[in-house]
Structures are given as structure tokens and as C-alpha cells.
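> Sharing upload_0.cif (mmCIF, C-alpha atoms) below.
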data_upload
loop_
_atom_site.group_PDB
_atom_site.id
_atom_site.type_symbol
_atom_site.label_atom_id
_atom_site.label_comp_id
_atom_site.auth_asym_id
_atom_site.auth_seq_id
_atom_site.Cartn_x
_atom_site.Cartn_y
_atom_site.Cartn_z
ATOM 1 C CA MET K 1 7.892 -40.056 -17.639
ATOM 2 C CA GLY K 2 11.492 -40.986 -18.570
ATOM 3 C CA GLN K 3 13.890 -42.686 -16.171
ATOM 4 C CA ARG K 4 15.962 -39.517 -15.605
ATOM 5 C CA ALA K 5 12.853 -37.441 -14.846
ATOM 6 C CA ARG K 6 11.604 -40.093 -12.419
ATOM 7 C CA GLN K 7 14.948 -40.135 -10.659
ATOM 8 C CA SER K 8 14.961 -36.327 -10.404
ATOM 9 C CA ASP K 9 11.428 -36.289 -8.996
ATOM 10 C CA CYS K 10 12.295 -39.000 -6.500
ATOM 11 C CA MET K 11 15.393 -37.156 -5.341
ATOM 12 C CA SER K 12 13.451 -33.933 -4.713
ATOM 13 C CA ARG K 13 10.846 -35.864 -2.711
ATOM 14 C CA GLU K 14 13.568 -37.276 -0.507
ATOM 15 C CA LEU K 15 14.767 -33.935 0.809
ATOM 16 C CA PRO K 16 15.215 -33.811 4.605
ATOM 17 C CA PRO K 17 11.899 -32.791 6.206
ATOM 18 C CA GLU K 18 13.624 -30.223 8.419
ATOM 19 C CA LEU K 19 14.275 -28.107 5.334
ATOM 20 C CA GLY K 20 10.580 -27.297 5.069
ATOM 21 C CA ASN K 21 9.035 -25.745 1.990
ATOM 22 C CA ALA K 22 11.641 -23.027 1.350
ATOM 23 C CA PHE K 23 15.331 -23.202 2.145
ATOM 24 C CA THR K 24 18.787 -22.039 1.158
ATOM 25 C CA VAL K 25 21.166 -24.151 -0.867
ATOM 26 C CA ARG K 26 23.779 -23.668 1.858
ATOM 27 C CA ARG K 27 21.516 -25.159 4.525
ATOM 28 C CA ALA K 28 20.536 -28.056 2.280
ATOM 29 C CA ARG K 29 24.165 -28.846 1.515
ATOM 30 C CA GLY K 30 24.881 -28.732 5.250
ATOM 31 C CA LEU K 31 22.263 -31.471 5.693
ATOM 32 C CA GLY K 32 23.949 -33.616 3.094
ATOM 33 C CA VAL K 33 21.769 -32.847 0.069
ATOM 34 C CA SER K 34 23.704 -33.305 -3.149
ATOM 35 C CA SER K 35 23.973 -30.754 -5.956
ATOM 36 C CA GLY K 36 22.028 -33.093 -8.226
ATOM 37 C CA ARG K 37 19.061 -33.243 -5.878
ATOM 38 C CA LEU K 38 19.065 -29.435 -5.595
ATOM 39 C CA GLN K 39 18.820 -29.147 -9.405
ATOM 40 C CA ALA K 40 15.616 -31.209 -9.606
ATOM 41 C CA LYS K 41 13.069 -29.597 -11.938
ATOM 42 C CA ARG K 42 10.406 -29.960 -9.277
ATOM 43 C CA LEU K 43 12.199 -27.387 -7.100
ATOM 44 C CA ALA K 44 11.531 -23.709 -7.798
ATOM 45 C CA LYS K 45 14.460 -21.274 -7.721
ATOM 46 C CA PRO K 46 13.007 -17.937 -6.546
ATOM 47 C CA PHE K 47 16.476 -16.475 -5.973
ATOM 48 C CA HIS K 48 20.053 -17.545 -6.528
ATOM 49 C CA GLY K 49 21.029 -19.824 -3.664
ATOM 50 C CA ALA K 50 17.434 -20.561 -2.644
ATOM 51 C CA ARG K 51 14.927 -23.303 -3.392
ATOM 52 C CA ALA K 52 11.220 -23.929 -2.758
ATOM 53 C CA GLN K 53 9.188 -27.133 -2.994
ATOM 54 C CA ARG K 54 5.800 -25.377 -3.313
ATOM 55 C CA SER K 55 4.517 -21.920 -4.160
ATOM 56 C CA LEU K 56 5.390 -19.164 -1.688
ATOM 57 C CA SER K 57 3.315 -16.394 -0.183
ATOM 58 C CA GLU K 58 4.629 -12.840 -0.525
ATOM 59 C CA LEU K 59 6.091 -12.843 2.972
ATOM 60 C CA GLU K 60 7.603 -16.309 2.552
ATOM 61 C CA ARG K 61 9.271 -15.151 -0.655
ATOM 62 C CA LEU K 62 10.785 -12.112 1.059
ATOM 63 C CA ALA K 63 11.881 -14.150 4.078
ATOM 64 C CA LEU K 64 13.636 -16.611 1.770
ATOM 65 C CA LEU K 65 15.408 -13.749 0.010
ATOM 66 C CA PHE K 66 16.725 -12.369 3.290
ATOM 67 C CA ALA K 67 18.052 -15.826 4.142
ATOM 68 C CA VAL K 68 20.524 -15.496 1.259
ATOM 69 C CA LEU K 69 21.269 -11.756 1.597
ATOM 70 C CA PRO K 70 24.032 -10.160 3.676
ATOM 71 C CA THR K 71 22.986 -9.683 7.293
ATOM 72 C CA HIS K 72 23.238 -5.868 7.004
ATOM 73 C CA ALA K 73 20.656 -5.695 4.170
ATOM 74 C CA PHE K 74 17.117 -4.393 4.722
ATOM 75 C CA ALA K 75 13.909 -3.819 2.770
ATOM 76 C CA CYS K 76 13.367 -0.251 1.624
ATOM 77 C CA GLY K 77 11.268 1.741 -0.844
ATOM 78 C CA PRO K 78 8.216 -0.109 -2.219
ATOM 79 C CA THR K 79 9.183 -3.387 -0.515
ATOM 80 C CA ALA K 80 9.331 -1.765 2.913
ATOM 81 C CA ALA K 81 6.051 0.008 2.129
ATOM 82 C CA PHE K 82 4.473 -3.378 1.354
ATOM 83 C CA LEU K 83 5.705 -4.814 4.649
ATOM 84 C CA HIS K 84 4.244 -1.841 6.530
ATOM 85 C CA GLY K 85 0.883 -2.276 4.776
ATOM 86 C CA MET K 86 0.960 1.022 2.899
ATOM 87 C CA PRO K 87 -1.617 1.255 0.069
ATOM 88 C CA LEU K 88 0.540 0.902 -3.044
ATOM 89 C CA PRO K 89 -0.726 0.923 -6.630
ATOM 90 C CA LEU K 90 -1.087 -2.662 -7.872
ATOM 91 C CA ALA K 91 1.823 -2.399 -10.315
ATOM 92 C CA LEU K 92 4.167 -1.117 -7.622
ATOM 93 C CA GLU K 93 2.984 -3.742 -5.142
ATOM 94 C CA TRP K 94 3.773 -6.438 -7.706
ATOM 95 C CA GLN K 95 7.231 -4.922 -8.207
ATOM 96 C CA ALA K 96 7.783 -4.776 -4.444
ATOM 97 C CA ILE K 97 7.463 -8.571 -4.298
ATOM 98 C CA GLU K 98 8.724 -9.755 -7.669
ATOM 99 C CA ARG K 99 11.745 -7.425 -7.762
ATOM 100 C CA PRO K 100 12.282 -6.438 -4.127
ATOM 101 C CA THR K 101 14.026 -3.173 -3.293
ATOM 102 C CA ILE K 102 16.849 -3.964 -0.884
ATOM 103 C CA GLY K 103 19.018 -1.400 0.851
ATOM 104 C CA VAL K 104 22.299 -1.310 2.713
ATOM 105 C CA ALA K 105 23.699 1.529 4.778
ATOM 106 C CA LEU K 106 26.423 3.656 3.223
ATOM 107 C CA PRO K 107 29.350 3.279 2.780
ATOM 108 C CA SER K 108 28.545 -0.369 1.960
ATOM 109 C CA ASN K 109 28.093 -1.179 -1.708
ATOM 110 C CA ARG K 110 24.545 -1.879 -2.860
ATOM 111 C CA VAL K 111 23.363 -5.458 -3.275
ATOM 112 C CA ARG K 112 23.953 -6.710 -6.825
ATOM 113 C CA ARG K 113 21.787 -9.745 -7.401
ATOM 114 C CA ALA K 114 19.413 -10.881 -10.156
ATOM 115 C CA GLY K 115 15.789 -10.072 -9.364
ATOM 116 C CA VAL K 116 16.678 -7.437 -6.764
ATOM 117 C CA ALA K 117 16.800 -3.627 -6.954
ATOM 118 C CA GLY K 118 19.771 -2.673 -4.771
ATOM 119 C CA ARG K 119 20.141 0.678 -2.981
ATOM 120 C CA ALA K 120 22.885 2.167 -0.822
ATOM 121 C CA LEU K 121 21.298 4.659 1.578
ATOM 122 C CA LYS K 122 22.347 7.085 4.258
ATOM 123 C CA VAL K 123 20.356 5.947 7.280
ATOM 124 C CA GLY K 124 20.174 7.143 10.866
ATOM 125 C CA PRO K 125 19.638 5.130 14.051
ATOM 126 C CA ASP K 126 15.861 5.623 13.906
ATOM 127 C CA ASP K 127 15.525 4.762 10.218
ATOM 128 C CA LEU K 128 15.545 0.974 10.596
ATOM 129 C CA CYS K 129 13.184 -1.434 12.321
ATOM 130 C CA GLU K 130 11.870 -4.977 12.104
ATOM 131 C CA LYS K 131 8.519 -5.716 10.481
ATOM 132 C CA THR K 132 6.954 -9.188 10.338
ATOM 133 C CA GLY K 133 10.340 -10.543 11.353
ATOM 134 C CA LEU K 134 12.224 -8.865 8.498
ATOM 135 C CA PRO K 135 14.600 -5.862 8.576
ATOM 136 C CA ALA K 136 13.128 -2.768 6.930
ATOM 137 C CA THR K 137 13.230 0.998 6.924
ATOM 138 C CA SER K 138 10.915 2.556 9.511
ATOM 139 C CA PRO K 139 7.450 3.786 8.462
ATOM 140 C CA ALA K 140 8.574 7.425 8.476
ATOM 141 C CA ARG K 141 11.749 6.728 6.494
ATOM 142 C CA THR K 142 9.841 4.532 4.055
ATOM 143 C CA TRP K 143 7.385 7.410 3.562
ATOM 144 C CA VAL K 144 10.308 9.706 2.702
ATOM 145 C CA ASP K 145 11.723 7.251 0.158
ATOM 146 C CA LEU K 146 8.317 6.539 -1.410
ATOM 147 C CA ALA K 147 7.700 10.180 -2.356
ATOM 148 C CA THR K 148 9.320 9.775 -5.774
ATOM 149 C CA SER K 149 7.688 6.429 -6.600
ATOM 150 C CA VAL K 150 3.962 7.262 -6.671
ATOM 151 C CA SER K 151 1.658 10.027 -7.874
ATOM 152 C CA LEU K 152 0.829 12.852 -5.474
ATOM 153 C CA PRO K 153 -2.802 11.686 -4.925
ATOM 154 C CA ARG K 154 -1.567 8.194 -4.048
ATOM 155 C CA PHE K 155 1.208 9.620 -1.867
ATOM 156 C CA VAL K 156 -1.427 11.576 0.063
ATOM 157 C CA ALA K 157 -3.344 8.290 0.432
ATOM 158 C CA VAL K 158 -0.203 6.705 1.912
ATOM 159 C CA THR K 159 0.178 9.664 4.275
ATOM 160 C CA ASP K 160 -3.474 9.415 5.357
ATOM 161 C CA HIS K 161 -2.995 5.695 6.008
ATOM 162 C CA LEU K 162 0.004 6.335 8.248
ATOM 163 C CA ILE K 163 -1.663 9.022 10.381
ATOM 164 C CA SER K 164 -5.140 7.454 10.321
ATOM 165 C CA ARG K 165 -7.262 8.355 13.318
ATOM 166 C CA ARG K 166 -8.590 4.790 13.470
ATOM 167 C CA ARG K 167 -5.281 2.891 13.183
ATOM 168 C CA PRO K 168 -2.350 5.304 13.379
ATOM 169 C CA VAL K 169 1.018 3.925 12.328
ATOM 170 C CA VAL K 170 3.030 7.088 12.954
ATOM 171 C CA SER K 171 2.196 10.619 14.057
ATOM 172 C CA LEU K 172 1.984 13.600 11.741
ATOM 173 C CA GLU K 173 4.726 15.244 13.819
ATOM 174 C CA ARG K 174 7.000 12.268 13.136
ATOM 175 C CA LEU K 175 6.440 12.626 9.398
ATOM 176 C CA GLU K 176 7.135 16.346 9.587
ATOM 177 C CA GLN K 177 10.408 15.637 11.390
ATOM 178 C CA ALA K 178 11.375 13.010 8.800
ATOM 179 C CA HIS K 179 10.558 15.475 6.016
ATOM 180 C CA SER K 180 12.711 18.143 7.626
ATOM 181 C CA ARG K 181 15.674 15.791 8.093
ATOM 182 C CA ALA K 182 15.457 14.564 4.493
ATOM 183 C CA GLY K 183 16.182 18.069 3.214
ATOM 184 C CA ARG K 184 15.371 19.610 -0.137
ATOM 185 C CA GLY K 185 16.431 16.811 -2.422
ATOM 186 C CA SER K 186 14.325 14.548 -4.601
ATOM 187 C CA GLY K 187 10.761 14.150 -3.335
ATOM 188 C CA ALA K 188 10.809 17.188 -1.041
ATOM 189 C CA ARG K 189 8.041 18.987 -2.926
ATOM 190 C CA ALA K 190 5.773 15.929 -2.925
ATOM 191 C CA ARG K 191 6.339 15.435 0.800
ATOM 192 C CA ALA K 192 5.521 19.050 1.587
ATOM 193 C CA GLN K 193 2.343 18.882 -0.494
ATOM 194 C CA ALA K 194 1.272 15.609 1.100
ATOM 195 C CA LEU K 195 1.720 17.066 4.579
ATOM 196 C CA SER K 196 -0.479 20.019 3.654
ATOM 197 C CA LEU K 197 -3.163 17.848 2.010
ATOM 198 C CA CYS K 198 -3.335 14.862 4.368
ATOM 199 C CA SER K 199 -6.231 14.084 6.688
ATOM 200 C CA PRO K 200 -6.346 11.582 9.561
ATOM 201 C CA GLY K 201 -10.084 11.160 8.981
ATOM 202 C CA SER K 202 -9.796 9.535 5.560
ATOM 203 C CA GLU K 203 -10.651 5.830 5.565
ATOM 204 C CA SER K 204 -9.716 4.550 2.114
ATOM 205 C CA PRO K 205 -7.016 5.252 -0.501
ATOM 206 C CA ARG K 206 -9.609 6.205 -3.105
ATOM 207 C CA GLU K 207 -11.187 8.744 -0.749
ATOM 208 C CA SER K 208 -7.763 10.272 -0.189
ATOM 209 C CA GLU K 209 -6.988 10.368 -3.901
ATOM 210 C CA LEU K 210 -10.338 11.950 -4.713
ATOM 211 C CA ARG K 211 -9.947 14.616 -2.039
ATOM 212 C CA THR K 212 -6.454 15.443 -3.326
ATOM 213 C CA ILE K 213 -7.665 15.696 -6.923
ATOM 214 C CA LEU K 214 -10.426 18.103 -5.870
ATOM 215 C CA VAL K 215 -8.088 20.358 -3.904
ATOM 216 C CA LEU K 216 -5.447 20.385 -6.647
ATOM 217 C CA ALA K 217 -8.216 21.498 -9.027
ATOM 218 C CA GLY K 218 -8.792 24.560 -6.868
ATOM 219 C CA LEU K 219 -11.803 23.361 -4.858
ATOM 220 C CA PRO K 220 -11.876 23.868 -1.070
ATOM 221 C CA MET K 221 -10.641 21.145 1.272
ATOM 222 C CA PRO K 222 -13.694 19.124 2.399
ATOM 223 C CA GLU K 223 -14.203 17.627 5.848
ATOM 224 C CA THR K 224 -13.688 13.862 5.893
ATOM 225 C CA ASN K 225 -15.928 11.099 7.272
ATOM 226 C CA VAL K 226 -18.436 13.360 8.987
ATOM 227 C CA GLU K 227 -21.466 12.150 10.951
ATOM 228 C CA ILE K 228 -24.659 14.011 10.068
ATOM 229 C CA TYR K 229 -27.546 14.277 12.548
ATOM 230 C CA HIS K 230 -30.987 15.831 12.305
ATOM 231 C CA ARG K 231 -32.732 16.819 15.544
ATOM 232 C CA GLY K 232 -30.541 14.404 17.461
ATOM 233 C CA ARG K 233 -31.168 11.481 15.088
ATOM 234 C CA PHE K 234 -28.207 9.957 13.249
ATOM 235 C CA ILE K 235 -28.666 10.205 9.472
ATOM 236 C CA ALA K 236 -25.409 9.178 7.835
ATOM 237 C CA ARG K 237 -21.641 9.155 7.993
ATOM 238 C CA VAL K 238 -20.433 10.691 4.748
ATOM 239 C CA ASP K 239 -17.030 10.424 3.095
ATOM 240 C CA MET K 240 -16.618 14.141 2.374
ATOM 241 C CA LEU K 241 -18.671 17.170 3.300
ATOM 242 C CA TYR K 242 -18.696 20.814 2.294
ATOM 243 C CA ARG K 243 -20.658 21.877 5.346
ATOM 244 C CA ALA K 244 -21.544 25.473 4.457
ATOM 245 C CA GLU K 245 -22.739 24.518 0.968
ATOM 246 C CA ARG K 246 -24.391 21.290 2.211
ATOM 247 C CA VAL K 247 -22.637 19.265 -0.486
ATOM 248 C CA VAL K 248 -21.800 15.605 0.175
ATOM 249 C CA VAL K 249 -19.254 13.654 -1.878
ATOM 250 C CA GLU K 250 -19.284 9.853 -1.585
ATOM 251 C CA TYR K 251 -16.883 7.331 -3.083
ATOM 252 C CA ASP K 252 -18.609 4.027 -3.829
ATOM 253 C CA GLY K 253 -16.269 1.079 -4.213
ATOM 254 C CA GLU K 254 -17.159 -2.377 -5.528
ATOM 255 C CA HIS K 255 -18.663 -3.443 -2.202
ATOM 256 C CA HIS K 256 -21.499 -0.971 -2.830
ATOM 257 C CA VAL K 257 -22.872 -2.991 -5.769
ATOM 258 C CA THR K 258 -24.468 -5.775 -3.722
ATOM 259 C CA PRO K 259 -28.294 -5.522 -3.695
ATOM 260 C CA GLY K 260 -28.521 -5.018 0.058
ATOM 261 C CA ARG K 261 -25.828 -2.343 0.171
ATOM 262 C CA TRP K 262 -27.225 -0.584 -2.902
ATOM 263 C CA SER K 263 -30.685 -0.370 -1.295
ATOM 264 C CA ARG K 264 -29.260 1.052 1.923
ATOM 265 C CA ASP K 265 -27.229 3.594 -0.049
ATOM 266 C CA GLN K 266 -30.332 4.778 -1.897
ATOM 267 C CA MET K 267 -32.304 5.169 1.329
ATOM 268 C CA ARG K 268 -29.429 7.055 2.893
ATOM 269 C CA ARG K 269 -29.074 9.342 -0.112
ATOM 270 C CA ALA K 270 -32.804 10.061 -0.185
ATOM 271 C CA GLU K 271 -32.705 10.971 3.505
ATOM 272 C CA LEU K 272 -29.791 13.351 2.985
ATOM 273 C CA GLU K 273 -31.427 15.008 -0.007
ATOM 274 C CA SER K 274 -34.664 15.457 1.910
ATOM 275 C CA LEU K 275 -32.653 17.498 4.421
ATOM 276 C CA GLY K 276 -31.264 19.763 1.714
ATOM 277 C CA TYR K 277 -27.938 18.080 1.005
ATOM 278 C CA ARG K 278 -26.749 17.580 -2.546
ATOM 279 C CA VAL K 279 -25.025 14.210 -2.932
ATOM 280 C CA THR K 280 -22.421 13.410 -5.581
ATOM 281 C CA VAL K 281 -21.426 9.747 -5.895
ATOM 282 C CA VAL K 282 -18.027 8.954 -7.388
ATOM 283 C CA THR K 283 -16.943 5.509 -8.647
ATOM 284 C CA ALA K 284 -13.672 4.053 -9.902
ATOM 285 C CA ARG K 285 -14.649 4.871 -13.508
ATOM 286 C CA ASP K 286 -14.733 8.579 -12.648
ATOM 287 C CA PHE K 287 -10.984 8.491 -12.072
ATOM 288 C CA ASP K 288 -10.536 7.878 -15.809
ATOM 289 C CA ASP K 289 -11.517 11.522 -16.377
ATOM 290 C CA PRO K 290 -11.653 13.409 -13.060
ATOM 291 C CA SER K 291 -12.463 16.681 -14.827
ATOM 292 C CA VAL K 292 -16.120 15.611 -15.121
ATOM 293 C CA VAL K 293 -16.450 15.052 -11.363
ATOM 294 C CA ILE K 294 -14.559 18.261 -10.617
ATOM 295 C CA ALA K 295 -16.948 20.256 -12.812
ATOM 296 C CA ARG K 296 -19.986 18.602 -11.217
ATOM 297 C CA ILE K 297 -18.878 19.398 -7.670
ATOM 298 C CA ARG K 298 -17.879 22.909 -8.653
ATOM 299 C CA ARG K 299 -21.410 23.488 -9.971
ATOM 300 C CA HIS K 300 -22.887 22.187 -6.708
ATOM 301 C CA LEU K 301 -20.689 24.510 -4.678
ATOM 302 C CA ALA K 302 -21.529 27.473 -6.886
ATOM 303 C CA ASP K 303 -25.266 26.796 -6.559
#
Now that the file is in, can you turn its structure into C-alpha cells?

Amino acid sequence: MGQRARQSDCMSRELPPELGNAFTVRRARGLGVSSGRLQAKRLAKPFHGARAQRSLSELERLALLFAVLPTHAFACGPTAAFLHGMPLPLALEWQAIERPTIGVALPSNRVRRAGVAGRALKVGPDDLCEKTGLPATSPARTWVDLATSVSLPRFVAVTDHLISRRRPVVSLERLEQAHSRAGRGSGARARAQALSLCSPGSESPRESELRTILVLAGLPMPETNVEIYHRGRFIARVDMLYRAERVVVEYDGEHHVTPGRWSRDQMRRAELESLGYRVTVVTARDFDDPSVVIARIRRHLAD
């Protein structure tokens, strides 16, 4: 290591401990840190005017960004959806963190900053909240804004997540009100469809997507997460059920591949089939060509 590199490394190690791992340049300068020490190669520069001594978690990265943003800025779109725990596609979740979507209320001008997607939005008094200590659009408003960013099956999955019977984030009535207030602009059709296709009984994004794909293909809406009994004895809790036709549709994620889980699944399926149910198992690979699954379930229903 050359003398200059050693000096730079030494300077970065001598930063005031009260700065912590992540900090703003303004705060560091206020504590007497020189410009040279703030340019040390050992310090990461996640955003202009910010530094970090070690890698940051997603929330730490967003918190650091807000430390250098105007006080009236807030997370919106995919970034707000991430903060609220909405099930985003992986690519959009990555974008929500690596290029955060930041809003300001009109008539303010949008944030113009490298690494940030700025938006200027018309927001009402109920459209903003605080989540994990950061300013963000409310769950209902975030749902409105997300309608144009994801496919309809995934948007239904987001809707199911928000109104989930097990862990509700917002009521269906609240989403309907938000949809009505948003008017007929961009995303209105997707919102209306999601409201007609959603189900509070769904328990995973893939279940929601599969159900939406089936209904959009013209199949009936199945019941979701139904408990099946025989003569008072519990048999199984199935993902989707066409009760009259006695057709069960199950989505098996990666956690179903362990030997113990696989054995239990086979016993459960055998029990259901012995009672006259026809069971169709769907995996992630089936989403590559949903037409095959659609045709299979359509045959079961026709039989």
C-alpha cells in the first residue's frame, strides 16, 4: 500500500464515532471532518452528500437518502410499496431500493438527483404517513400509484396482501374509496379489475397470480384456502377449490421439495383423491406457459 493510500485509510478510520456507519457530509463537516477525509476511498458514496463506512441494509440506505433530501419529500410508487411490505416482483423491488422513487406534493418541483426517480404528485391529507420511521404514501395511495407498474396478476396479489384476512393492512372499502378518488386516469382499469378479482383468503402472491390467470382465461372464480372435512375429521386445507366439481388446485413453492414436506403432501393428496377430489398441483415452472395448466383444469371441470 502506498503512502497516500495509507494516509487516506487512516483518515477514514479516524472519523468521529458519533457519525456511526452512515452519515451526511453536512453533519460530518459540522463535527470538523475535513473534505479530504470525506473523499477517502474506503468510504462508500450511496448518494450525493452522503457517506457510509460499511455496507447498508435496504432500510439504512433509504434512511440515509432521506437525510439528504428536502424535508417535504416522501417515498412513493415502488419504494413506498417496499416499505409497506407489498409483494413486488424482484426486478421492481431492486429498483425500489437502488433507484428510489421519491415524491413531493404539487406545486413543488420534483426532486432532481442522481440515482433517484423524482415525482411531483397531487396528494390529499390522508395520502401520506410514516412507515419504519420514513415518510411515505399511505398503503391505499401506494396501491393506486402501483397500478401502472406491475402486471394485473401481480397487482391482484398486492391487493390480496393488503386486504388479507390473516394480516389486513387496509380494508377493501378503503381501496374502493381510493380508486374512486383517483378517477379514470392511468391505472383505473387495472384497479377496477383488481377489486373485482381480489380475495382476502389468499395467502401467497403466487396463489393470487394463479387464481387471476385462471379467471382471466374464462374459468370460474375458485374459493381460496378452504378447509376440507370428512365426517367431522379434518382432511386438508387447500389453496383453491371448485367445490361443486370437487377440483382442488394447489400451488407448491420451493418449501414443498423437502423430503418431509413432500411425503406429507403425497399423503394429503392421496386422502383427497380417495374422497373423490381431483388435485392439480402447480409449480413455478407452470407460470412459464400457463396455457397448459389452464387446459388441465378446464378438463377437470368439464369432467
> What does the structure give for the distance between CA of Leu195 in chain K and CA of Thr159 in chain K, in Å to one decimal?
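CA of Leu195 in chain K sits 7.6 Å away from CA of Thr159 in chain K.
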> Hey, can you check how far CA of Arg246 in chain K sits from CA of Gly201 in chain K?
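Computing the Euclidean distance for CA of Arg246 in chain K and CA of Gly201 in chain K yields 18.8 Å.
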> Please report the interatomic distance between CA of Cys198 in chain K and CA of Ala96 in chain K in Å with one decimal.
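That distance, rounded to one decimal, is 24.2 Å.
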> Output the residue selection produced by the PyMOL selection byres ((chain K and resi 61-72) around 10) on the file above, formatted as a PyMOL selection string.
chain K and resi 22-27+46-52+55-60+73-75+79+83+96-98+100+102-105+108+111+113+116+132-135
> Give as a count of residues only each residue that has an atom at most 10 Å from (-27.2, 12.1, 3.3) in the file, counting all atoms listed in the file.
28
> Identify all residues satisfying the PyMOL selection byres ((chain K and resi 125) around 12) in the given file; provide them as a PyMOL selection string.
chain K and resi 105+122-124+126-129+137-138+141
> So, counting all atoms listed in the file, which residue among K:Pro78, K:Pro89, K:Phe287, K:Ala140 is closest to Val169 in chain K?
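Ranking K:Pro78, K:Pro89, K:Phe287, K:Ala140 by distance to Val169 in chain K, first place goes to K:Ala140.
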> Could you rebuild range 127-138 of chain K with N, CA and C atoms and give me the result as a CSV table (one decimal), in the coordinates of the input?

chain,number,residue,atom,x,y,z
K,127,ASP,N,16.1,5.0,11.6
K,127,ASP,CA,15.5,4.8,10.2
K,127,ASP,C,15.3,3.3,10.0
K,128,LEU,N,15.7,2.4,10.8
K,128,LEU,CA,15.5,1.0,10.6
K,128,LEU,C,14.7,0.3,11.7
K,129,CYS,N,14.0,-0.7,11.3
K,129,CYS,CA,13.2,-1.4,12.3
K,129,CYS,C,13.0,-2.9,11.8
K,130,GLU,N,12.2,-3.6,12.5
K,130,GLU,CA,11.9,-5.0,12.1
K,130,GLU,C,10.4,-5.0,11.9
K,131,LYS,N,9.9,-5.6,10.8
K,131,LYS,CA,8.5,-5.7,10.5
K,131,LYS,C,8.2,-7.1,10.0
K,132,THR,N,7.3,-7.8,10.6
K,132,THR,CA,7.0,-9.2,10.3
K,132,THR,C,8.2,-10.1,10.3
K,133,GLY,N,9.1,-9.7,11.2
K,133,GLY,CA,10.3,-10.5,11.4
K,133,GLY,C,11.4,-10.2,10.4
K,134,LEU,N,11.2,-9.2,9.5
K,134,LEU,CA,12.2,-8.9,8.5
K,134,LEU,C,12.8,-7.5,8.7
K,135,PRO,N,14.0,-7.2,8.4
K,135,PRO,CA,14.6,-5.9,8.6
K,135,PRO,C,14.1,-4.9,7.5
K,136,ALA,N,13.7,-3.7,7.9
K,136,ALA,CA,13.1,-2.8,6.9
K,136,ALA,C,13.4,-1.3,7.4
K,137,THR,N,13.2,-0.4,6.5
K,137,THR,CA,13.2,1.0,6.9
K,137,THR,C,12.0,1.3,7.7
K,138,SER,N,12.0,2.2,8.6
K,138,SER,CA,10.9,2.6,9.5
K,138,SER,C,9.8,3.1,8.7
